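Next up, query.json (JSON, C-alpha atoms):
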[["chain", "number", "residue", "atom", "x", "y", "z"],
["R", 1, "MET", "CA", -6.52, -64.22, 18.00],
["R", 2, "PRO", "CA", -4.30, -65.25, 20.95],
["R", 3, "ARG", "CA", -4.45, -62.98, 24.02],
["R", 4, "THR", "CA", -0.71, -62.15, 23.72],
["R", 5, "SER", "CA", -1.15, -61.00, 20.12],
["R", 6, "ARG", "CA", -4.15, -58.86, 21.06],
["R", 7, "ARG", "CA", -2.17, -57.20, 23.86],
["R", 8, "LYS", "CA", 0.73, -56.54, 21.51],
["R", 9, "ASN", "CA", -1.56, -55.01, 18.87],
["R", 10, "ASN", "CA", -3.33, -52.90, 21.50],
["R", 11, "TRP", "CA", 0.03, -51.60, 22.77],
["R", 12, "ARG", "CA", 1.08, -50.68, 19.23],
["R", 13, "LEU", "CA", -2.24, -48.92, 18.63],
["R", 14, "ARG", "CA", -1.98, -46.95, 21.87],
["R", 15, "SER", "CA", 1.63, -45.99, 21.08],
["R", 16, "LYS", "CA", 0.65, -44.81, 17.62],
["R", 17, "GLU", "CA", -2.26, -42.79, 18.98],
["R", 18, "ALA", "CA", -0.03, -41.19, 21.63],
["R", 19, "LEU", "CA", 2.53, -40.17, 18.99],
["R", 20, "GLN", "CA", -0.20, -38.76, 16.76],
["R", 21, "ARG", "CA", -1.46, -36.62, 19.65],
["R", 22, "LEU", "CA", 2.06, -35.22, 20.06],
["R", 23, "GLY", "CA", 1.92, -34.00, 16.46],
["R", 24, "PRO", "CA", 4.43, -33.97, 13.61],
["R", 25, "GLY", "CA", 7.42, -33.54, 15.97],
["R", 26, "ALA", "CA", 6.85, -36.79, 17.85],
["R", 27, "GLY", "CA", 9.84, -38.47, 16.24],
["R", 28, "ALA", "CA", 12.05, -35.53, 17.29],
["R", 29, "ILE", "CA", 11.17, -36.16, 20.95],
["R", 30, "ILE", "CA", 12.21, -39.79, 20.66],
["R", 31, "ALA", "CA", 15.42, -38.90, 18.82],
["R", 32, "PHE", "CA", 16.26, -36.15, 21.33],
["R", 33, "LEU", "CA", 15.81, -38.47, 24.32],
["R", 34, "ALA", "CA", 17.73, -41.28, 22.63],
["R", 35, "ILE", "CA", 20.73, -39.07, 21.79],
["R", 36, "ALA", "CA", 20.71, -37.55, 25.29],
["R", 37, "LEU", "CA", 20.72, -41.04, 26.81],
["R", 38, "VAL", "CA", 23.48, -42.33, 24.53],
["R", 39, "GLY", "CA", 25.56, -39.20, 25.10],
["R", 40, "SER", "CA", 25.29, -39.50, 28.88],
["R", 41, "LEU", "CA", 26.30, -43.17, 28.74],
["R", 42, "LEU", "CA", 29.26, -42.63, 26.43],
["R", 43, "SER", "CA", 30.68, -39.50, 28.04],
["R", 44, "PRO", "CA", 30.64, -38.61, 31.76],
["R", 45, "THR", "CA", 30.93, -34.91, 30.91],
["R", 46, "PHE", "CA", 27.93, -34.79, 28.58],
["R", 47, "LEU", "CA", 25.37, -33.86, 31.24],
["R", 48, "THR", "CA", 27.61, -31.52, 33.23],
["R", 49, "GLN", "CA", 26.37, -27.96, 33.63],
["R", 50, "ARG", "CA", 29.32, -26.60, 31.68],
["R", 51, "ASN", "CA", 28.72, -28.87, 28.70],
["R", 52, "VAL", "CA", 24.94, -28.33, 28.69],
["R", 53, "THR", "CA", 25.51, -24.57, 28.68],
["R", 54, "ASN", "CA", 28.02, -24.97, 25.86],
["R", 55, "VAL", "CA", 25.52, -27.00, 23.82],
["R", 56, "MET", "CA", 22.85, -24.36, 24.32],
["R", 57, "ARG", "CA", 25.21, -21.56, 23.22],
["R", 58, "GLN", "CA", 26.22, -23.54, 20.15],
["R", 59, "THR", "CA", 22.55, -24.17, 19.32],
["R", 60, "ALA", "CA", 21.71, -20.45, 19.31],
["R", 61, "MET", "CA", 23.19, -19.71, 15.89],
["R", 62, "LEU", "CA", 21.68, -22.76, 14.21],
["R", 63, "GLY", "CA", 18.42, -22.24, 16.10],
["R", 64, "VAL", "CA", 17.60, -18.77, 14.79],
["R", 65, "VAL", "CA", 18.48, -19.81, 11.24],
["R", 66, "THR", "CA", 16.26, -22.87, 11.66],
["R", 67, "VAL", "CA", 13.28, -20.64, 12.48],
["R", 68, "GLY", "CA", 13.64, -18.90, 9.12],
["R", 69, "MET", "CA", 14.14, -22.22, 7.35],
["R", 70, "THR", "CA", 10.96, -23.56, 8.96],
["R", 71, "PHE", "CA", 8.90, -20.76, 7.45],
["R", 72, "VAL", "CA", 10.48, -21.39, 4.04],
["R", 73, "ILE", "CA", 10.02, -25.16, 4.05],
["R", 74, "LEU", "CA", 6.44, -24.85, 5.27],
["R", 75, "THR", "CA", 5.72, -23.03, 1.98],
["R", 76, "ALA", "CA", 7.31, -25.99, 0.14],
["R", 77, "GLY", "CA", 10.39, -23.88, -0.62],
["R", 78, "ILE", "CA", 14.08, -24.14, 0.24],
["R", 79, "ASP", "CA", 16.80, -21.64, 1.09],
["R", 80, "LEU", "CA", 20.33, -22.84, 0.40],
["R", 81, "SER", "CA", 21.82, -19.37, 0.90],
["R", 82, "VAL", "CA", 21.39, -19.11, 4.68],
["R", 83, "GLY", "CA", 24.90, -20.31, 5.54],
["R", 84, "MET", "CA", 26.73, -17.93, 3.25],
["R", 85, "VAL", "CA", 24.39, -15.05, 4.11],
["R", 86, "LEU", "CA", 25.32, -15.67, 7.73],
["R", 87, "SER", "CA", 29.02, -15.61, 6.79],
["R", 88, "PHE", "CA", 28.65, -12.39, 4.80],
["R", 89, "THR", "CA", 26.67, -10.61, 7.51],
["R", 90, "SER", "CA", 29.06, -11.71, 10.26],
["R", 91, "VAL", "CA", 31.91, -10.11, 8.29],
["R", 92, "ALA", "CA", 29.83, -7.02, 7.56],
["R", 93, "ALA", "CA", 28.94, -6.59, 11.23],
["R", 94, "ALA", "CA", 32.58, -6.91, 12.31],
["R", 95, "MET", "CA", 33.71, -4.39, 9.69],
["R", 96, "LEU", "CA", 30.99, -1.90, 10.61],
["R", 97, "PHE", "CA", 31.89, -2.25, 14.29],
["R", 98, "ASP", "CA", 35.59, -1.73, 13.45],
["R", 99, "ASN", "CA", 37.11, -2.46, 16.88],
["R", 100, "GLY", "CA", 34.52, -0.24, 18.52],
["R", 101, "GLN", "CA", 35.63, 2.75, 16.43],
["R", 102, "GLY", "CA", 33.01, 2.39, 13.72],
["R", 103, "LEU", "CA", 29.26, 2.86, 13.80],
["R", 104, "PRO", "CA", 27.34, 2.76, 17.11],
["R", 105, "LEU", "CA", 26.45, -0.80, 18.07],
["R", 106, "PRO", "CA", 22.66, -0.44, 17.54],
["R", 107, "VAL", "CA", 23.33, 0.95, 14.06],
["R", 108, "VAL", "CA", 25.69, -1.96, 13.35],
["R", 109, "PHE", "CA", 23.02, -4.47, 14.29],
["R", 110, "LEU", "CA", 20.24, -2.69, 12.37],
["R", 111, "ALA", "CA", 22.41, -2.34, 9.25],
["R", 112, "THR", "CA", 23.40, -6.02, 9.43],
["R", 113, "LEU", "CA", 19.81, -7.17, 9.83],
["R", 114, "ALA", "CA", 18.75, -4.87, 6.98],
["R", 115, "LEU", "CA", 21.45, -6.40, 4.77],
["R", 116, "GLY", "CA", 20.23, -9.93, 5.49],
["R", 117, "SER", "CA", 16.61, -8.90, 4.95],
["R", 118, "ALA", "CA", 17.46, -7.30, 1.61],
["R", 119, "ILE", "CA", 19.21, -10.46, 0.44],
["R", 120, "GLY", "CA", 16.23, -12.57, 1.52],
["R", 121, "ALA", "CA", 13.77, -10.21, -0.19],
["R", 122, "PHE", "CA", 15.83, -10.41, -3.38],
["R", 123, "ASN", "CA", 15.66, -14.22, -3.19],
["R", 124, "GLY", "CA", 11.89, -14.04, -2.81],
["R", 125, "PHE", "CA", 11.51, -11.61, -5.70],
["R", 126, "MET", "CA", 13.62, -13.76, -8.00],
["R", 127, "ILE", "CA", 11.58, -16.83, -7.04],
["R", 128, "ILE", "CA", 8.20, -15.27, -7.83],
["R", 129, "TRP", "CA", 9.50, -13.54, -10.97],
["R", 130, "ARG", "CA", 8.64, -15.97, -13.79],
["R", 131, "GLY", "CA", 8.28, -18.76, -11.24],
["R", 132, "ALA", "CA", 11.99, -19.40, -10.71],
["R", 133, "ALA", "CA", 12.82, -22.52, -8.66],
["R", 134, "PRO", "CA", 13.84, -21.72, -5.05],
["R", 135, "PHE", "CA", 16.63, -24.30, -5.24],
["R", 136, "VAL", "CA", 18.28, -22.57, -8.20],
["R", 137, "VAL", "CA", 17.81, -19.00, -6.94],
["R", 138, "THR", "CA", 19.11, -19.65, -3.43],
["R", 139, "LEU", "CA", 21.96, -21.80, -4.75],
["R", 140, "ALA", "CA", 23.06, -18.84, -6.86],
["R", 141, "MET", "CA", 22.73, -16.52, -3.86],
["R", 142, "MET", "CA", 24.79, -18.94, -1.79],
["R", 143, "ALA", "CA", 27.64, -18.51, -4.27],
["R", 144, "ILE", "CA", 27.16, -14.72, -4.46],
["R", 145, "ALA", "CA", 27.07, -14.19, -0.68],
["R", 146, "GLY", "CA", 29.99, -16.54, -0.12],
["R", 147, "GLY", "CA", 32.05, -14.77, -2.77],
["R", 148, "ALA", "CA", 31.13, -11.37, -1.32],
["R", 149, "ALA", "CA", 32.18, -12.46, 2.17],
["R", 150, "LEU", "CA", 35.56, -13.64, 0.93],
["R", 151, "THR", "CA", 36.06, -10.54, -1.20],
["R", 152, "VAL", "CA", 35.35, -7.89, 1.45],
["R", 153, "SER", "CA", 37.31, -9.75, 4.13],
["R", 154, "GLY", "CA", 40.22, -10.77, 1.94],
["R", 155, "GLY", "CA", 39.51, -14.36, 2.93],
["R", 156, "LYS", "CA", 40.49, -13.69, 6.56],
["R", 157, "PRO", "CA", 38.48, -13.35, 9.80],
["R", 158, "ILE", "CA", 37.73, -9.78, 10.89],
["R", 159, "GLY", "CA", 38.48, -9.41, 14.61],
["R", 160, "GLY", "CA", 38.25, -6.66, 17.18],
["R", 161, "ILE", "CA", 34.78, -7.40, 18.54],
["R", 162, "GLN", "CA", 34.68, -6.31, 22.17],
["R", 163, "GLY", "CA", 32.61, -4.65, 24.89],
["R", 164, "VAL", "CA", 28.83, -5.10, 24.83],
["R", 165, "TYR", "CA", 29.04, -6.82, 21.46],
["R", 166, "ALA", "CA", 31.30, -9.56, 22.86],
["R", 167, "TRP", "CA", 29.24, -9.74, 26.07],
["R", 168, "LEU", "CA", 26.21, -10.81, 24.03],
["R", 169, "GLY", "CA", 28.14, -13.93, 23.09],
["R", 170, "SER", "CA", 29.59, -14.76, 26.51],
["R", 171, "GLY", "CA", 27.28, -13.06, 29.02],
["R", 172, "SER", "CA", 24.43, -14.54, 31.00],
["R", 173, "VAL", "CA", 21.28, -13.38, 32.71],
["R", 174, "GLY", "CA", 21.38, -15.43, 35.87],
["R", 175, "PRO", "CA", 22.29, -18.99, 34.84],
["R", 176, "ILE", "CA", 20.97, -18.59, 31.28],
["R", 177, "PRO", "CA", 23.29, -17.36, 28.49],
["R", 178, "VAL", "CA", 22.10, -14.26, 26.64],
["R", 179, "LEU", "CA", 22.31, -16.07, 23.31],
["R", 180, "VAL", "CA", 19.98, -18.79, 24.58],
["R", 181, "LEU", "CA", 17.43, -16.20, 25.71],
["R", 182, "LEU", "CA", 17.63, -14.57, 22.30],
["R", 183, "MET", "CA", 17.13, -17.91, 20.53],
["R", 184, "LEU", "CA", 14.15, -18.80, 22.72],
["R", 185, "PHE", "CA", 12.59, -15.39, 22.07],
["R", 186, "VAL", "CA", 12.94, -15.91, 18.31],
["R", 187, "PHE", "CA", 11.40, -19.39, 18.53],
["R", 188, "LEU", "CA", 8.49, -18.18, 20.67],
["R", 189, "LEU", "CA", 7.87, -15.29, 18.29],
["R", 190, "GLY", "CA", 8.03, -17.62, 15.29],
["R", 191, "ALA", "CA", 5.63, -20.08, 16.94],
["R", 192, "PHE", "CA", 3.21, -17.25, 17.76],
["R", 193, "VAL", "CA", 3.31, -15.94, 14.19],
["R", 194, "LEU", "CA", 2.67, -19.39, 12.74],
["R", 195, "ARG", "CA", -0.22, -20.22, 15.02],
["R", 196, "TYR", "CA", -2.02, -16.97, 15.67],
["R", 197, "THR", "CA", -1.54, -14.65, 12.71],
["R", 198, "PRO", "CA", -3.12, -14.57, 9.23],
["R", 199, "TYR", "CA", 0.38, -14.74, 7.74],
["R", 200, "GLY", "CA", 1.10, -17.98, 9.60],
["R", 201, "ARG", "CA", -2.11, -19.58, 8.38],
["R", 202, "GLN", "CA", -1.29, -18.47, 4.85],
["R", 203, "VAL", "CA", 2.16, -20.08, 5.09],
["R", 204, "TYR", "CA", 0.54, -23.42, 5.96],
["R", 205, "ALA", "CA", -2.08, -23.00, 3.25],
["R", 206, "ILE", "CA", 0.49, -22.27, 0.53],
["R", 207, "GLY", "CA", 2.55, -25.28, 1.53],
["R", 208, "GLY", "CA", -0.54, -27.46, 1.53],
["R", 209, "ASN", "CA", -1.81, -26.38, -1.88],
["R", 210, "GLU", "CA", -0.41, -23.29, -3.56],
["R", 211, "GLU", "CA", -2.89, -23.17, -6.42],
["R", 212, "ALA", "CA", -5.89, -23.55, -4.11],
["R", 213, "SER", "CA", -4.45, -20.80, -1.90],
["R", 214, "ARG", "CA", -4.11, -18.51, -4.89],
["R", 215, "LEU", "CA", -7.69, -19.20, -5.98],
["R", 216, "SER", "CA", -8.95, -18.54, -2.45],
["R", 217, "GLY", "CA", -7.53, -15.03, -2.55],
["R", 218, "ILE", "CA", -4.25, -15.44, -0.69],
["R", 219, "ALA", "CA", -1.51, -13.15, -2.04],
["R", 220, "VAL", "CA", 0.88, -16.07, -2.59],
["R", 221, "ASP", "CA", 3.69, -14.00, -4.12],
["R", 222, "ARG", "CA", 3.65, -11.48, -1.28],
["R", 223, "VAL", "CA", 3.72, -14.22, 1.35],
["R", 224, "LYS", "CA", 6.68, -15.87, -0.36],
["R", 225, "VAL", "CA", 8.66, -12.63, -0.48],
["R", 226, "ILE", "CA", 7.95, -12.04, 3.20],
["R", 227, "THR", "CA", 8.98, -15.60, 4.02],
["R", 228, "TYR", "CA", 12.36, -15.36, 2.28],
["R", 229, "THR", "CA", 12.88, -11.92, 3.81],
["R", 230, "ILE", "CA", 12.39, -13.45, 7.26],
["R", 231, "SER", "CA", 14.88, -16.17, 6.36],
["R", 232, "GLY", "CA", 17.45, -13.56, 5.32],
["R", 233, "LEU", "CA", 16.80, -11.49, 8.45],
["R", 234, "LEU", "CA", 17.32, -14.47, 10.75],
["R", 235, "SER", "CA", 20.43, -15.54, 8.83],
["R", 236, "ALA", "CA", 21.84, -12.07, 9.56],
["R", 237, "LEU", "CA", 20.87, -12.47, 13.22],
["R", 238, "GLY", "CA", 22.76, -15.75, 13.14],
["R", 239, "GLY", "CA", 25.76, -13.84, 11.78],
["R", 240, "ILE", "CA", 25.56, -11.42, 14.70],
["R", 241, "ILE", "CA", 25.29, -14.31, 17.16],
["R", 242, "PHE", "CA", 28.29, -16.06, 15.64],
["R", 243, "SER", "CA", 30.48, -12.96, 15.63],
["R", 244, "ALA", "CA", 29.49, -12.13, 19.22],
["R", 245, "ARG", "CA", 30.29, -15.65, 20.42],
["R", 246, "VAL", "CA", 33.71, -16.01, 18.79],
["R", 247, "THR", "CA", 34.50, -12.24, 18.60],
["R", 248, "VAL", "CA", 35.31, -12.33, 14.89],
["R", 249, "GLY", "CA", 33.44, -12.09, 11.61],
["R", 250, "ASP", "CA", 34.39, -15.14, 9.58],
["R", 251, "PRO", "CA", 33.78, -15.59, 5.81],
["R", 252, "TRP", "CA", 33.54, -19.35, 6.43],
["R", 253, "ALA", "CA", 31.28, -19.12, 9.51],
["R", 254, "GLY", "CA", 28.19, -20.57, 7.85],
["R", 255, "ARG", "CA", 29.78, -23.20, 5.64],
["R", 256, "GLY", "CA", 27.43, -26.19, 5.59],
["R", 257, "LEU", "CA", 24.96, -24.51, 7.93],
["R", 258, "GLU", "CA", 22.18, -24.69, 5.34],
["R", 259, "LEU", "CA", 22.34, -28.48, 5.45],
["R", 260, "ASP", "CA", 22.18, -28.54, 9.26],
["R", 261, "ALA", "CA", 19.22, -26.13, 9.21],
["R", 262, "ILE", "CA", 17.32, -28.23, 6.67],
["R", 263, "ALA", "CA", 18.11, -31.40, 8.63],
["R", 264, "ALA", "CA", 16.93, -29.76, 11.87],
["R", 265, "VAL", "CA", 13.63, -28.74, 10.30],
["R", 266, "VAL", "CA", 13.01, -32.17, 8.78],
["R", 267, "ILE", "CA", 14.00, -34.05, 11.95],
["R", 268, "GLY", "CA", 11.60, -31.75, 13.78],
["R", 269, "GLY", "CA", 8.72, -33.11, 11.74],
["R", 270, "THR", "CA", 8.27, -30.47, 9.03],
["R", 271, "SER", "CA", 7.48, -31.95, 5.63],
["R", 272, "LEU", "CA", 9.75, -30.98, 2.74],
["R", 273, "PHE", "CA", 6.58, -30.86, 0.65],
["R", 274, "GLY", "CA", 5.24, -28.06, 2.85],
["R", 275, "GLY", "CA", 2.12, -27.47, 4.90],
["R", 276, "VAL", "CA", 3.03, -29.63, 7.93],
["R", 277, "GLY", "CA", 5.33, -28.77, 10.80],
["R", 278, "THR", "CA", 5.81, -26.87, 14.06],
["R", 279, "MET", "CA", 8.36, -24.47, 15.52],
["R", 280, "TRP", "CA", 8.87, -26.50, 18.66],
["R", 281, "GLY", "CA", 9.74, -29.50, 16.51],
["R", 282, "SER", "CA", 12.35, -27.42, 14.68],
["R", 283, "LEU", "CA", 13.81, -26.33, 18.03],
["R", 284, "LEU", "CA", 14.21, -29.97, 19.02],
["R", 285, "GLY", "CA", 15.75, -30.67, 15.62],
["R", 286, "ALA", "CA", 18.33, -27.90, 16.12],
["R", 287, "LEU", "CA", 19.17, -29.25, 19.57],
["R", 288, "ILE", "CA", 19.54, -32.75, 18.15],
["R", 289, "ILE", "CA", 22.00, -31.57, 15.47],
["R", 290, "THR", "CA", 24.08, -29.69, 18.04],
["R", 291, "MET", "CA", 24.01, -32.60, 20.48],
["R", 292, "ILE", "CA", 25.25, -34.96, 17.78],
["R", 293, "ASN", "CA", 28.18, -32.64, 17.05],
["R", 294, "ASN", "CA", 28.89, -32.29, 20.77],
["R", 295, "VAL", "CA", 28.87, -36.04, 21.47],
["R", 296, "LEU", "CA", 31.19, -36.70, 18.53],
["R", 297, "ASN", "CA", 33.59, -34.05, 19.81],
["R", 298, "LEU", "CA", 33.51, -35.42, 23.35],
["R", 299, "LEU", "CA", 34.30, -38.88, 21.99],
["R", 300, "ASN", "CA", 37.23, -37.43, 19.99],
["R", 301, "VAL", "CA", 35.82, -38.72, 16.74],
["R", 302, "SER", "CA", 38.03, -37.68, 13.84],
["R", 303, "PRO", "CA", 36.75, -34.58, 11.99],
["R", 304, "TYR", "CA", 37.00, -36.63, 8.81],
["R", 305, "MET", "CA", 34.56, -39.15, 10.27],
["R", 306, "GLN", "CA", 32.17, -36.71, 11.94],
["R", 307, "GLY", "CA", 30.29, -35.85, 8.75],
["R", 308, "LEU", "CA", 29.79, -39.54, 8.00],
["R", 309, "ALA", "CA", 28.69, -40.34, 11.54],
["R", 310, "LYS", "CA", 26.36, -37.34, 11.74],
["R", 311, "GLY", "CA", 24.74, -38.22, 8.40],
["R", 312, "ILE", "CA", 24.06, -41.79, 9.52],
["R", 313, "ILE", "CA", 22.58, -40.61, 12.83],
["R", 314, "ILE", "CA", 20.35, -38.07, 11.08],
["R", 315, "LEU", "CA", 19.10, -40.72, 8.64],
["R", 316, "ALA", "CA", 18.37, -43.03, 11.56],
["R", 317, "ALA", "CA", 16.46, -40.27, 13.36],
["R", 318, "ILE", "CA", 14.38, -39.47, 10.29],
["R", 319, "THR", "CA", 13.70, -43.18, 9.69],
["R", 320, "LEU", "CA", 12.57, -43.55, 13.31],
["R", 321, "TYR", "CA", 10.24, -40.59, 12.91],
["R", 322, "LYS", "CA", 8.73, -41.96, 9.71],
["R", 323, "ASN", "CA", 8.28, -45.41, 11.17],
["R", 324, "LYS", "CA", 6.50, -44.05, 14.22],
["R", 325, "GLU", "CA", 4.18, -41.94, 12.08],
["R", 326, "ALA", "CA", 3.40, -44.78, 9.66]]
Full structure transcribed into structure tokens:
Amino acid sequence: MPRTSRRKNNWRLRSKEALQRLGPGAGAIIAFLAIALVGSLLSPTFLTQRNVTNVMRQTAMLGVVTVGMTFVILTAGIDLSVGMVLSFTSVAAAMLFDNGQGLPLPVVFLATLALGSAIGAFNGFMIIWRGAAPFVVTLAMMAIAGGAALTVSGGKPIGGIQGVYAWLGSGSVGPIPVLVLLMLFVFLLGAFVLRYTPYGRQVYAIGGNEEASRLSGIAVDRVKVITYTISGLLSALGGIIFSARVTVGDPWAGRGLELDAIAAVVIGGTSLFGGVGTMWGSLLGALIITMINNVLNLLNVSPYMQGLAKGIIILAAITLYKNKEA
């Protein structure tokens, strides 16, 4: 074999080994760096402090929902209801707050999180009851939650969010926005649970082989209910984040968010077949989705073309990841 060919093959082998050491999110790193580079070249404002802070704030809502979606997909499930649950809970939180004249703020937050958790638990129960398909159950819940949000709000945003509630969406601790700190805390907690707790190991096991997990003594049904409950809880947290950032509860707040969350998880290296994936990869995936939206906005791409452009970029990122792992 010629020396040049041997060098080329050795370089490919070393590159592949380096990517394998990085784990299932290796492709997300490449995609993240590529989009950051392209964005900085195409727009002089992309890397400004103001825009970076804006991107991080925008990522917070998608980020916390992505954590819940990661748990779900790791079990080889899917949750299509997260966007509309977020919409419903954002409206519920705004109505409970009622211009500061309603329930105390801690009670508002607890009630909103409890509502999201209850919806997620119901999803999980319906899925384990007679083995219902997660796609069908959560699709039905997406319609139910979306209809409920429109019904209780009359199809209009619910405003009046102010004070500490609004500060959560606009305030900072030093240079770091509060919402970003909250998102990072949720990701760190999710990563800890996945790596260091029996529940996390059971999530991976169920996604890898559900029947073998059941035979080994894992309470598969209980783990699934807990997983969908977490997804509902974090969707409600996303609703709180959204309403705090824009100071309204909006029945359309989460429209299409389920697709962005699924894309973020997959771009981050989590297999749709379950059992493989990391939280840090999902965080990168959420950042990638938000950065794509931000770059398209900075370039004044028509809203009618943004969905097309974003879909093509996501497919390219996933293809890059697969090629590097092959």
*Counting only C-alpha atoms, the residue of R:Ala145, R:Ile230, R:Leu184, R:Ala205 that sits nearest Ala114 of chain R*: R:Ile230
*Measuring atom to atom with only C-alpha atoms, identify which of R:Thr229, R:Asn51, R:Ser153, R:Thr112 is nearest to Leu96 of chain R.*
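Answer, going by the shortest atom-to-atom distance: R:Thr112.
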_Nearby residues (all atoms listed in the file) at most 12 Å from segment 53-56 of chain R, same-chain spacing under 2 positions excluded, as an NGL selection string_ = :R and (36 or 45-51 or 58-63 or 169-172 or 175-184 or 245 or 283-284 or 286-295 or 297-298)
Could those selected residues go to a file with C-alpha atoms, as a PDB file, in the frame of the given file?
ATOM      1  CA  ALA R  36      20.710 -37.550  25.290  1.00  0.00           C
ATOM      2  CA  THR R  45      30.930 -34.910  30.910  1.00  0.00           C
ATOM      3  CA  PHE R  46      27.930 -34.790  28.580  1.00  0.00           C
ATOM      4  CA  LEU R  47      25.370 -33.860  31.240  1.00  0.00           C
ATOM      5  CA  THR R  48      27.610 -31.520  33.230  1.00  0.00           C
ATOM      6  CA  GLN R  49      26.370 -27.960  33.630  1.00  0.00           C
ATOM      7  CA  ARG R  50      29.320 -26.600  31.680  1.00  0.00           C
ATOM      8  CA  ASN R  51      28.720 -28.870  28.700  1.00  0.00           C
ATOM      9  CA  GLN R  58      26.220 -23.540  20.150  1.00  0.00           C
ATOM     10  CA  THR R  59      22.550 -24.170  19.320  1.00  0.00           C
ATOM     11  CA  ALA R  60      21.710 -20.450  19.310  1.00  0.00           C
ATOM     12  CA  MET R  61      23.190 -19.710  15.890  1.00  0.00           C
ATOM     13  CA  LEU R  62      21.680 -22.760  14.210  1.00  0.00           C
ATOM     14  CA  GLY R  63      18.420 -22.240  16.100  1.00  0.00           C
ATOM     15  CA  GLY R 169      28.140 -13.930  23.090  1.00  0.00           C
ATOM     16  CA  SER R 170      29.590 -14.760  26.510  1.00  0.00           C
ATOM     17  CA  GLY R 171      27.280 -13.060  29.020  1.00  0.00           C
ATOM     18  CA  SER R 172      24.430 -14.540  31.000  1.00  0.00           C
ATOM     19  CA  PRO R 175      22.290 -18.990  34.840  1.00  0.00           C
ATOM     20  CA  ILE R 176      20.970 -18.590  31.280  1.00  0.00           C
ATOM     21  CA  PRO R 177      23.290 -17.360  28.490  1.00  0.00           C
ATOM     22  CA  VAL R 178      22.100 -14.260  26.640  1.00  0.00           C
ATOM     23  CA  LEU R 179      22.310 -16.070  23.310  1.00  0.00           C
ATOM     24  CA  VAL R 180      19.980 -18.790  24.580  1.00  0.00           C
ATOM     25  CA  LEU R 181      17.430 -16.200  25.710  1.00  0.00           C
ATOM     26  CA  LEU R 182      17.630 -14.570  22.300  1.00  0.00           C
ATOM     27  CA  MET R 183      17.130 -17.910  20.530  1.00  0.00           C
ATOM     28  CA  LEU R 184      14.150 -18.800  22.720  1.00  0.00           C
ATOM     29  CA  ARG R 245      30.290 -15.650  20.420  1.00  0.00           C
ATOM     30  CA  LEU R 283      13.810 -26.330  18.030  1.00  0.00           C
ATOM     31  CA  LEU R 284      14.210 -29.970  19.020  1.00  0.00           C
ATOM     32  CA  ALA R 286      18.330 -27.900  16.120  1.00  0.00           C
ATOM     33  CA  LEU R 287      19.170 -29.250  19.570  1.00  0.00           C
ATOM     34  CA  ILE R 288      19.540 -32.750  18.150  1.00  0.00           C
ATOM     35  CA  ILE R 289      22.000 -31.570  15.470  1.00  0.00           C
ATOM     36  CA  THR R 290      24.080 -29.690  18.040  1.00  0.00           C
ATOM     37  CA  MET R 291      24.010 -32.600  20.480  1.00  0.00           C
ATOM     38  CA  ILE R 292      25.250 -34.960  17.780  1.00  0.00           C
ATOM     39  CA  ASN R 293      28.180 -32.640  17.050  1.00  0.00           C
ATOM     40  CA  ASN R 294      28.890 -32.290  20.770  1.00  0.00           C
ATOM     41  CA  VAL R 295      28.870 -36.040  21.470  1.00  0.00           C
ATOM     42  CA  ASN R 297      33.590 -34.050  19.810  1.00  0.00           C
ATOM     43  CA  LEU R 298      33.510 -35.420  23.350  1.00  0.00           C
TER      44      LEU R 298
END
*Separation of atom CA of Gly77 of chain R and atom CA of Val65 of chain R, in Å?*
14.9 Å
*For Val265 of chain R, work out the shell of residues within 10 Å, counting all atoms listed in the file and skipping chain neighbours fewer than 6 positions away, then give it as a PyMOL selection string.*
chain R and resi 25+28+63+66-71+73-74+259+271-272+277-286
*Nearest candidate to Gly116 of chain R (options R:Gly275, R:Gly239, R:Gly217, R:Pro104; using all atoms listed in the file)*: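 Of the candidates, the smallest distance to Gly116 of chain R is held by R:Gly239.
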_Can you pull out the residues contacting segment 120-129 of chain R? Cut-off 6 Å, using all atoms listed in the file, and skip same-chain residues under 3 positions away; I want them as a PyMOL selection string._
chain R and resi 117+132+134+221+225+228-229+232
_Considering all atoms listed in the file, can you say which of R:Ile78, R:Ile161, R:Ala219, R:Leu86 comes closest to Thr247 of chain R?_
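Of the candidates, the smallest distance to Thr247 of chain R is held by R:Ile161.
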*How far is it from atom CA of Val64 of chain R to atom CA of Ile312 of chain R, in Å with one decimal?*
24.5 Å
List the spatial neighbours of Ala94 of chain R as a JSON list (two decimals) with C-alpha atoms, in the coordinates of the input - criterion: any atom at most 10 Å away, only C-alpha atoms, same-chain residues fewer than 5 positions off excluded.
[["chain", "number", "residue", "atom", "x", "y", "z"],
["R", 89, "THR", "CA", 26.67, -10.61, 7.51],
["R", 99, "ASN", "CA", 37.11, -2.46, 16.88],
["R", 100, "GLY", "CA", 34.52, -0.24, 18.52],
["R", 102, "GLY", "CA", 33.01, 2.39, 13.72],
["R", 108, "VAL", "CA", 25.69, -1.96, 13.35],
["R", 112, "THR", "CA", 23.40, -6.02, 9.43],
["R", 153, "SER", "CA", 37.31, -9.75, 4.13],
["R", 157, "PRO", "CA", 38.48, -13.35, 9.80],
["R", 158, "ILE", "CA", 37.73, -9.78, 10.89],
["R", 159, "GLY", "CA", 38.48, -9.41, 14.61],
["R", 160, "GLY", "CA", 38.25, -6.66, 17.18],
["R", 161, "ILE", "CA", 34.78, -7.40, 18.54],
["R", 165, "TYR", "CA", 29.04, -6.82, 21.46],
["R", 239, "GLY", "CA", 25.76, -13.84, 11.78],
["R", 240, "ILE", "CA", 25.56, -11.42, 14.70],
["R", 243, "SER", "CA", 30.48, -12.96, 15.63],
["R", 244, "ALA", "CA", 29.49, -12.13, 19.22],
["R", 247, "THR", "CA", 34.50, -12.24, 18.60],
["R", 248, "VAL", "CA", 35.31, -12.33, 14.89],
["R", 249, "GLY", "CA", 33.44, -12.09, 11.61],
["R", 250, "ASP", "CA", 34.39, -15.14, 9.58]]
